[in-house]
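Asker: Below you'll find the structure I mean.
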Amino acid sequence: MNRLRPYRRRYSSFLIRLFIVIGLAASSLPAKTVVDFNPKLDFSKYKTFAFVGGVENLLMFPVNPDLISERVHRAVTRELTGKGLREVQPSQNPDLVVRYWAIPSSQVNVITMGAWGAYRPFIGSYWERLYNEVSASSAKEGCLIIDLLDPRSRDLAWRLYLIHKITLPDKEWKKAGDELTKGFESYPPSDKEREEKKKERAAHPGESE
């Protein structure tokens with residue numbers, strides 16, 4: 001466990017900075033969740049997951065990297081374990097990996113944001129339409145993004161956008177947590193949702209990333 005502490009500190013530091021970005025961008029817009037996913041996947045095959053962190057070079061703030069990270073990690077773990085998945089370590093060959101990142105109020109060119117590790121940002125191709133819509137609607141607030149990625153195919157499987165006004169994380173977290181829970185109600189996608197997503201993608205064919 002000691003070997004994991006530097007990674008957890010780094011990831012929690014990212015999440016603290018992420019929520020400060022969202023807080024600084026806050027406006028009176030209502031909270032909103034948007035879900036996107038690959039309708040061709042068999043989500044029943046995913047039994048385990050691991051956290052791999054997120055992009056850390058959005059903004060730098062000297063903050064205590066503990067509270068928000070624990071809350072986000074606990075919330076995502078609660079939702080996925082409630083769906084029957086089990087959390088493992090990244091070295092244990094998880095079926096899914098969890099990544100966090102953000103669109104701040106002043107949209108960042110993600111191509112210049114540094115290394116994404118083994119996974120692309122997935123803002124083109126079939127993922128582009130919803131990403132652009134969320135980027136526009138979160139322009140005054142900011143958006144927390146939770147990606148569930150397939151480490152074997154290196155592809156994005158499922159994505160949750162959480163657009164939320166967070167000015168004081170201690171007081172606002174319950175609202176954000178409720179929205180996160182609402183978003184995970186669509187995991188795994190139902191047969192109806194899969195058919196609707198197939199039609200949506202057919203109507204908006206993506207180009208290669």
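We name chains A, B, ... following the order of the structure tokens; residues begin at 1 in each chain, and ligands are numbered from 1 as shown.
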Using only C-alpha atoms, determine which residues lie at most 8 Å from region 33-40 of chain A, disregarding the query and same-chain residues fewer than 2 positions distant; provide the list as a list in words.
Answerer: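 So the residues in contact are Ala31, Asp42, Trp127, Leu130, Val134, Leu156, Ala157, Trp158, Arg159, Leu160, Tyr161, Leu162, Ile163, Glu179, Leu180, Lys182, Gly183, Ser186, Arg194, Glu195, Lys197 and Lys198 of chain A.
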Asker: Deliver the residues from the most recent selection as a file, using C-alpha atoms, as a PDB file, in the first residue's frame.
Answerer:
ATOM      1  CA  ALA A  31     -26.415  21.100 -12.435  1.00  0.00           C
ATOM      2  CA  ASP A  42     -20.859  -5.936 -23.940  1.00  0.00           C
ATOM      3  CA  TRP A 127     -17.268  11.186 -29.010  1.00  0.00           C
ATOM      4  CA  LEU A 130     -21.394  15.432 -26.982  1.00  0.00           C
ATOM      5  CA  VAL A 134     -20.792  19.925 -22.999  1.00  0.00           C
ATOM      6  CA  LEU A 156     -13.234   4.605 -24.090  1.00  0.00           C
ATOM      7  CA  ALA A 157     -16.206   2.520 -22.977  1.00  0.00           C
ATOM      8  CA  TRP A 158     -18.388   4.942 -20.973  1.00  0.00           C
ATOM      9  CA  ARG A 159     -18.165   8.611 -20.009  1.00  0.00           C
ATOM     10  CA  LEU A 160     -19.974  10.811 -17.482  1.00  0.00           C
ATOM     11  CA  TYR A 161     -19.974  14.606 -17.758  1.00  0.00           C
ATOM     12  CA  LEU A 162     -20.902  16.396 -14.529  1.00  0.00           C
ATOM     13  CA  ILE A 163     -21.565  20.111 -15.033  1.00  0.00           C
ATOM     14  CA  GLU A 179     -25.676  14.267  -9.647  1.00  0.00           C
ATOM     15  CA  LEU A 180     -22.869  11.721  -9.935  1.00  0.00           C
ATOM     16  CA  LYS A 182     -27.837  10.115 -11.111  1.00  0.00           C
ATOM     17  CA  GLY A 183     -25.336   9.786 -13.942  1.00  0.00           C
ATOM     18  CA  SER A 186     -27.174   4.770 -16.824  1.00  0.00           C
ATOM     19  CA  ARG A 194     -27.955   1.097 -26.587  1.00  0.00           C
ATOM     20  CA  GLU A 195     -30.382   1.174 -29.516  1.00  0.00           C
ATOM     21  CA  LYS A 197     -27.090   5.453 -29.069  1.00  0.00           C
ATOM     22  CA  LYS A 198     -26.614   3.316 -32.186  1.00  0.00           C
TER      23      LYS A 198
END
Asker: Between A:Val88, A:Val98, A:Ile145, A:Val76, which has the minimum distance to Phe51 (chain A) (counting only C-alpha atoms)?
Answerer: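 Nearest to Phe51 (chain A): A:Val98.
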Asker: Residues within 9 Å of Lys47 (chain A), please, as a PyMOL selection string. Count only C-alpha atoms; anything in the same chain fewer than 6 positions from it doesn't count.
Answerer: chain A and resi 84-87+94-96
Asker: So that I can see what lies close to Arg99 (chain A), please list as an MDAnalysis selection string the residues with an atom at most 7 Å from it, counting only C-alpha atoms and leaving out residues fewer than 3 positions away in the same chain.
Answerer: chainID A and resid 51:54 146:148
Asker: For Gly177 (chain A), find every residue with an atom within 9 Å (counting only C-alpha atoms), except residues of its own chain fewer than 6 positions away, and show them as a list in words.
Answerer: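 Non-adjacent residues within range: Arg71, Val72 and Ala75 of chain A.
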Asker: Using only C-alpha atoms, which residue out of A:Cys143, A:Leu149, A:Gly82, A:Arg201 lies closest to His164 (chain A)?
Answerer: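 Of A:Cys143, A:Leu149, A:Gly82, A:Arg201, the one nearest His164 (chain A), counting only C-alpha atoms, is A:Cys143.
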